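Only one structure is covered here, and it is reproduced in the block below.
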Amino acid sequence: MKKEEFEQLLSEKARIIEELQVELEETNQGIIALTMELEQLEQEKLREHIDVIKQLQIELADTNKGLLALAVELEQSEEKYSSILKNAAESILTFNDEGKIKTTNPAAALLFDYSEDELLGMNINRLIPEWNRIKFEFNEDEKIAQYAGASFVFGTKRYGDTFQIEFTLGRPIFANKRQWLLIIRDITERKKAEEGLRLMGKIFHGSTDAIVITNINSKIIDANESFSTITGYEKEVVIGKNPTFLFSHKHNAQFYFHLRRTLVKSGAWSGEVWTKRKNDEIYPIWLSLYSVKDENNATTHFVGIFSDITTRKAAENQLKQLAHYDPLTGLPNRTQFTERLKWTIEVAHRDNQQAALMFLDLDRFKLINDTLGHQAGDQLLIEVAKRMTDCVREVDTVSRLAGDEFTIILNNVKSPEEAGQVSKKILEAFKIPIQLEGRDVFASTSIGITLYPNDGTTANQLIKNADTAMYHAKERGRNNFQYFSHSMNQKVLDELEMETNLRQALKNNEFSLNYQPQFDLKNRKMIGLEVLLRWKHPVLGMIPPAVFIPHAEKSDLIITIGEWVLKTACEKSMAWQAQGLPSVRIAVNLSGMQLKQHDLIERVKRILHDTKLPSELLELELTEGVLMDNAEMTISTLNELKNMGIRLSIDDFGTGYSSLSYLKRFPIDTLKIDQSFVRDITTNEDDNAIAATIISMAHNLRLKVIAEGVETKEQLDILYDKSCDEVQGYYFSHPLDETRLCSLLAGLRN
């Protein structure tokens with residue numbers, strides 16, 4: 001029976017009971033009337049009336065039985081309706097036209113986070129804010145019927161949370177009054193599921209990765225557009241086929257067996273696979289396979305997702321090339337070299353063989369690079385790499401470590417002389433000029449050789465020893481090769497010890513300054529001082545500058561030491577002036593590394609500012625080699641120093657390789673004739689001529705000349721005759737410490 005019919009039956013029975021009750025009341029009134037009438041009837045008619053009353057009582061008893069049956073049936077119907085409301089999974093609410101809730105059920109209370117008692121009497125607008133609009137649009141029975149089960153609106157819980165609902169709307173009659181009946185379903189999860197399906201559909205069709213779905217028998221049942229784009233096969237052609245038609249010959253049956261077993265066992269597999277397009281092109285993909293299971297955990301489908309990784313593989317190969325090979329020369333780089341050297345050592349150890357490692361460094365490459373430019377320098381490196389490669393076997397390895405540093409690994413050498421023969425071959429190949437920028441350029445290299453296992457059994461040992469041998473080759477005049485010897489190691493250890501001692505000397509204030517007076521040759525007056533660095537080691541005693549300065553120049557220590565000398569000399573000069581001693585020019589040597597500092601000008605300015613020394617009292621001395629190393633940048637730096645008022649001089653002139661074209665561009669004030677030319681100026685005609693030439697050339701360039709190492713009157717007279725401007729040397733004074741210098745300056749004051 002439908003709910004509407006049930007409710008109508010209940011209403012009809014209630015009406016019958018009411019009519020029977022009215023009839024019963026009328027009957028009772030008749031009985032009373034008859035009783036009163038009986039009292040007035042005569043005795044003879046009493047029996048007749050008694051019979052009528054009995055008949056009416058029988059009918060009344062029957063009517064009461066009927067009413068009782070109806071009451072029982074009504075009570076049972078109410079219990080049934082209450083049970084339906086109580087156990088219904090859906091939320092059920094009834095309310096009147098004003099929106100006041102009349103009945104509810106536990107499901108509705110749970111849905112809206114209220115108790116049933118709290119819902120009774122509440123306005124439906126509180127639960128469904130859109131109710132007034134719904135009521136306005138659908139207030140007729142036929143519209144309500146059309147609306148039922150088709151509306152999606154939002155409900156509101158106790159604390160304001162909203163959720164999407166679907167509802168069915170009705171207008172039944174209860175107790176002769178039409179009311180609203182609302183059956184509500186929470187569709188939040190369903191909407192999420194539908195949205196998920198829509199999203200998966202978009203992903204499936206819009207993905208740039210190919211997606212293919214098979215059934216449990218591995219027959220394709222669906223594929224997306226990207227599958228066709230990547231493979232070249234249209235979707236209609238592959239439906240119903242096994243994906244094996246995509247297999248390539250790159251993988252064997254065991255590979256696919258392992259793939260299938262892993263997929264079945266774990267439910268997923270991923271990896272790189274080489275597959276085949278429709279045009280038979282073999283290409284790599286990254287494939288991910290998944291099994292789809294039902295609610296009983298039984299596999300129903302398989303999903304394959306793959307992307308074409310051809311471009312990525314090419315990029316990986318390129319990165320691998322960049323990671324292991326030098327991009328300029330194409331030779332193995334440091335990483336690849338190290339791996340091959342370790343492999344060579346392993347093979348040599350296993351087969352009881354010898355191997356050789358050669359460390360090569362181009363001679364004066366920086367000069368070529370700076371003079372002709374980096375592009376020409378790159379072309380030189382390319383040609384050098386080619387010539388080295390042509391000088392070795394295919395089993396050997398030529399590598400470029402960095403800049404102009406190369407290594408060669410010689411496998412299975414029979415004797416040390418074999419490495420020497422390769423070195424000679426390389427040196428001979430370098431005698432042929434290289435064409436750069438339209439000119440012939442000659443390159444040379446210094447080579448260090450170390451042997452496995454005699455000189456080392458590890459890669460680090462061999463590299464270190466070959467590098468040591470290479471530096472020994474440079475010290476021997478460049479353009480040669482040297483075998484490693486353990487005495488070289490001792491030399492390196494000595495250098496390390498010297499560097500450590502130098503650092504300690506800075507820390508412990510072991511350095512001091514001496515001063516070599518300089519004199520005007522015409523009037524024999526002292527006009528300046530050359531600042532000389534001295535080092536007194538607490539154990540070794542006095543260490544000559546010729547011993548420790550080269551070590552300092554090999555490290556960054558010369559920068560720190562040089563700055564200390566400059567600052568200390570300026571401070572001492574100002575201290576002497578504060579004591580009332582005459583002010584004289586001080587000459588401080590500037591190293592090549594100091595000149596290359598990007599902030600040299602700022603450092604000199606700061607020292608002059610901090611010490612308050614006038615810049616015209618400071619002279620900086622540089623050697624020819626320092627000046628010619630990156631001459632263009634040197635000219636710019638010297639011009640800045642010159643603009644500050646500082647005097648500049650070239651020390652040891654004549655021993656280097658200054659170009660006259662550069663010399664006239666340097667903002668130099670003084671040339672200093674090296675003492676090697678002064679020493680034999682009285683007996684050696686060549687030295688005499690060189691000194692005369694330097695003096696004449698300097699004067700023509702409007703430069704002053706100072707000669708160092710003057711020890712005799714004869715030397716002094718010759719220099720005087722040649723118009724030398726200034727001199728220094730033992731003839732006038734040995735280098736002085738500060739105490740004796742102050743005494744000398746005090747004598748000048750008097």
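Convention: chains lettered A, B, ... in structure tokens order; per-chain residue numbering from 1; ligands numbered from 1 as shown.
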(request) Identify, with DSSP run on backbone atoms, the residues in segment 602-745 of chain A assigned to alpha helix (DSSP H), and express the list as a ChimeraX atom specification. (result) /A:602-611,624-628,631-643,660-663,675-679,685-700,713-721,738-745
(request) Identify which of the residues A:Trp576, A:Trp564, A:Phe302, A:Phe95 lies closest to Asn242 of chain A, counting only C-alpha atoms when measuring atom-to-atom distances. (result) A:Phe302
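Each of A:Val727, A:Ile134, A:Ile646, A:Leu741 was checked against Val604 of chain A using only C-alpha atoms; the smallest atom-to-atom distance is that of A:Ile646.
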(request) Using backbone DSSP assignments, extract all strand (DSSP E or B) residues from segment 412-646 of chain A; output them as a VMD selection string. (result) chain A and resid 412 to 413 434 to 436 439 to 441 445 to 452 481 to 483 511 to 520 526 to 537 541 to 543 585 to 589 618 to 623
(request) May I ask which of the residues A:Thr310, A:Gln482, A:Thr300, A:Thr634 is the closest one to Leu595 of chain A, counting only C-alpha atoms? (result) A:Thr634
(request) Write out as a list in words the residues lying within 8 Å of Thr188 of chain A, counting only C-alpha atoms and excluding same-chain residues fewer than 4 positions away. (result)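 Residues near the query, excluding close chain neighbours: Phe163, Gln164, Ile165 and Lys192 of chain A.
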(message) What's around segment 434-449 of chain A at 7 Å? Count only C-alpha atoms, leave out sequence neighbours fewer than 4 positions away in its own chain, and write the answer as a list in words.
(response)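 Answer for this query is Ala356, Leu357, Met358, Phe359, Leu360, Asp361, Leu362, Asp363, Ala376, Leu427, Phe430, Ala466, Asp467, Ala469, Met470, Ala473, Lys474, Arg478, Asn479, Asn480, Phe481, Gln482, Tyr483 and Phe484 of chain A.
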(request) Enter the distance from atom CA of Asp455 of chain A to atom CA of Ser485 of chain A, in Å, rounded to one decimal. (result)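 Distance reported for this atom pair: 7.9 Å.
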(request) Choose the residue, out of A:Leu127, A:Val584, A:Ile673, A:Val413, that has the smallest atom-to-atom separation from Gln518 of chain A; count only C-alpha atoms. (result)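 Of A:Leu127, A:Val584, A:Ile673, A:Val413, the one nearest Gln518 of chain A is A:Val584, counting only C-alpha atoms.
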(request) Figure out the distance between atom CA of Val531 of chain A and atom CA of Ile586 of chain A, please, to one decimal in Å. (result)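 Atom-to-atom, atom CA of Ile586 of chain A to atom CA of Val531 of chain A, that is 6.7 Å.
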For Cys724 of chain A, find every residue with an atom within 10 Å (counting only C-alpha atoms), except residues of its own chain fewer than 4 positions away, and show them as an mmCIF file with N, CA and C atoms, in the first residue's frame.
```cif
data_model
loop_
_atom_site.group_PDB
_atom_site.id
_atom_site.type_symbol
_atom_site.label_atom_id
_atom_site.label_comp_id
_atom_site.auth_asym_id
_atom_site.auth_seq_id
_atom_site.Cartn_x
_atom_site.Cartn_y
_atom_site.Cartn_z
ATOM 1 N N ASP A 520 122.052 60.572 -4.141
ATOM 2 C CA ASP A 520 122.178 61.330 -5.385
ATOM 3 C C ASP A 520 123.659 61.312 -5.780
ATOM 4 N N LEU A 521 123.943 60.877 -7.033
ATOM 5 C CA LEU A 521 125.330 60.677 -7.422
ATOM 6 C C LEU A 521 126.101 61.995 -7.568
ATOM 7 N N LYS A 522 125.436 63.073 -7.900
ATOM 8 C CA LYS A 522 126.135 64.336 -8.120
ATOM 9 C C LYS A 522 126.566 64.985 -6.812
ATOM 10 N N ILE A 673 119.395 49.811 -12.498
ATOM 11 C CA ILE A 673 120.318 48.889 -13.167
ATOM 12 C C ILE A 673 120.657 47.757 -12.205
ATOM 13 N N ALA A 691 125.233 48.987 -19.243
ATOM 14 C CA ALA A 691 124.930 50.047 -18.291
ATOM 15 C C ALA A 691 124.802 51.383 -19.005
ATOM 16 N N ALA A 692 125.718 51.649 -19.940
ATOM 17 C CA ALA A 692 125.667 52.906 -20.685
ATOM 18 C C ALA A 692 124.386 52.994 -21.503
ATOM 19 N N ILE A 694 121.465 51.461 -20.952
ATOM 20 C CA ILE A 694 120.302 51.641 -20.077
ATOM 21 C C ILE A 694 120.193 53.094 -19.648
ATOM 22 N N ILE A 695 121.315 53.692 -19.263
ATOM 23 C CA ILE A 695 121.296 55.085 -18.800
ATOM 24 C C ILE A 695 120.857 56.010 -19.931
ATOM 25 N N SER A 696 121.431 55.801 -21.129
ATOM 26 C CA SER A 696 121.091 56.649 -22.270
ATOM 27 C C SER A 696 119.625 56.495 -22.653
ATOM 28 N N ALA A 698 117.128 55.475 -20.775
ATOM 29 C CA ALA A 698 116.274 56.025 -19.725
ATOM 30 C C ALA A 698 116.183 57.534 -19.823
ATOM 31 N N HIS A 699 117.323 58.172 -20.044
ATOM 32 C CA HIS A 699 117.300 59.632 -20.152
ATOM 33 C C HIS A 699 116.514 60.082 -21.376
ATOM 34 N N LYS A 704 114.758 58.674 -14.675
ATOM 35 C CA LYS A 704 115.969 58.663 -13.869
ATOM 36 C C LYS A 704 116.515 57.242 -13.798
ATOM 37 N N VAL A 705 117.824 57.144 -13.481
ATOM 38 C CA VAL A 705 118.461 55.836 -13.380
ATOM 39 C C VAL A 705 119.153 55.731 -12.030
ATOM 40 N N ILE A 706 118.931 54.582 -11.383
ATOM 41 C CA ILE A 706 119.630 54.296 -10.134
ATOM 42 C C ILE A 706 120.353 52.967 -10.300
ATOM 43 N N ALA A 707 121.609 52.942 -9.908
ATOM 44 C CA ALA A 707 122.412 51.718 -9.990
ATOM 45 C C ALA A 707 122.533 51.108 -8.604
ATOM 46 N N LEU A 716 131.784 53.612 -9.000
ATOM 47 C CA LEU A 716 131.088 54.876 -8.814
ATOM 48 C C LEU A 716 131.516 55.897 -9.868
ATOM 49 N N ASP A 717 132.822 55.939 -10.150
ATOM 50 C CA ASP A 717 133.325 56.917 -11.107
ATOM 51 C C ASP A 717 132.796 56.648 -12.510
ATOM 52 N N ILE A 718 132.772 55.387 -12.903
ATOM 53 C CA ILE A 718 132.264 55.051 -14.239
ATOM 54 C C ILE A 718 130.796 55.450 -14.363
ATOM 55 N N LEU A 719 130.012 55.148 -13.349
ATOM 56 C CA LEU A 719 128.592 55.504 -13.370
ATOM 57 C C LEU A 719 128.411 57.015 -13.398
ATOM 58 N N TYR A 720 129.320 57.707 -12.692
ATOM 59 C CA TYR A 720 129.245 59.170 -12.689
ATOM 60 C C TYR A 720 129.535 59.709 -14.091
#
```
(request) Give the answer as one residue: which of A:Glu738, A:Pro614, A:Ile463, A:Asp97 has the shortest atom-to-atom distance to Lys572 of chain A, using only C-alpha atoms? (result) A:Glu738
(request) Please provide the set of residues having any atom within 10 Å of Thr670 of chain A, restricted to only C-alpha atoms, with same-chain residues fewer than 5 positions apart removed, written as a ChimeraX atom specification. (result) /A:619,621,647-651,653,698-699,702-706,725-726
Just write the chosen residues, N, CA and C atoms, as a compact mmCIF listing (two decimals), in the first residue's frame.
```
# COMPACT_ATOMS: atom_id res chain seq x y z
N GLU A 619 107.70 55.24 -3.01
CA GLU A 619 108.05 54.71 -4.32
C GLU A 619 107.81 53.20 -4.31
N GLU A 621 108.49 49.61 -6.25
CA GLU A 621 109.40 48.97 -7.20
C GLU A 621 108.78 47.68 -7.72
N ARG A 647 105.70 57.47 -6.74
CA ARG A 647 106.73 57.22 -7.73
C ARG A 647 106.79 55.73 -8.04
N LEU A 648 107.17 55.40 -9.30
CA LEU A 648 107.23 54.01 -9.74
C LEU A 648 108.59 53.75 -10.37
N SER A 649 109.16 52.58 -10.09
CA SER A 649 110.46 52.22 -10.66
C SER A 649 110.47 50.76 -11.08
N ILE A 650 111.34 50.46 -12.07
CA ILE A 650 111.54 49.07 -12.50
C ILE A 650 112.82 48.57 -11.87
N ASP A 651 112.67 47.52 -11.04
CA ASP A 651 113.81 46.95 -10.34
C ASP A 651 114.51 45.92 -11.23
N PHE A 653 116.44 46.11 -13.76
CA PHE A 653 116.23 46.31 -15.20
C PHE A 653 117.40 45.72 -15.99
N ALA A 698 117.13 55.47 -20.78
CA ALA A 698 116.27 56.02 -19.72
C ALA A 698 116.18 57.53 -19.82
N HIS A 699 117.32 58.17 -20.04
CA HIS A 699 117.30 59.63 -20.15
C HIS A 699 116.51 60.08 -21.38
N ARG A 702 113.12 60.26 -20.60
CA ARG A 702 112.92 61.20 -19.49
C ARG A 702 112.74 60.45 -18.16
N LEU A 703 113.52 59.40 -17.96
CA LEU A 703 113.49 58.62 -16.73
C LEU A 703 114.81 58.79 -15.99
N LYS A 704 114.76 58.67 -14.68
CA LYS A 704 115.97 58.66 -13.87
C LYS A 704 116.52 57.24 -13.80
N VAL A 705 117.82 57.14 -13.48
CA VAL A 705 118.46 55.84 -13.38
C VAL A 705 119.15 55.73 -12.03
N ILE A 706 118.93 54.58 -11.38
CA ILE A 706 119.63 54.30 -10.13
C ILE A 706 120.35 52.97 -10.30
N ASP A 725 122.06 58.77 -12.32
CA ASP A 725 121.47 59.76 -11.41
C ASP A 725 121.65 59.38 -9.94
N GLU A 726 121.38 58.14 -9.61
CA GLU A 726 121.38 57.74 -8.20
C GLU A 726 122.08 56.40 -8.06
```
(request) Rank A:Gln375, A:Asn96, A:Gln336, A:Gln318 by their smallest atom-to-atom distance to Gln179 of chain A, using only C-alpha atoms, and report the top residue only. (result)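 Of A:Gln375, A:Asn96, A:Gln336, A:Gln318, the one nearest Gln179 of chain A is A:Asn96, counting only C-alpha atoms.
You will find atom CA of Gly232 of chain A at 27.1 Å from atom CA of His258 of chain A.
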(message) Please list as a PyMOL selection string every residue within 8 Å of Leu111 of chain A, counting only C-alpha atoms and excluding residues in the same chain fewer than 5 positions away.
(response) chain A and resi 91+157+186
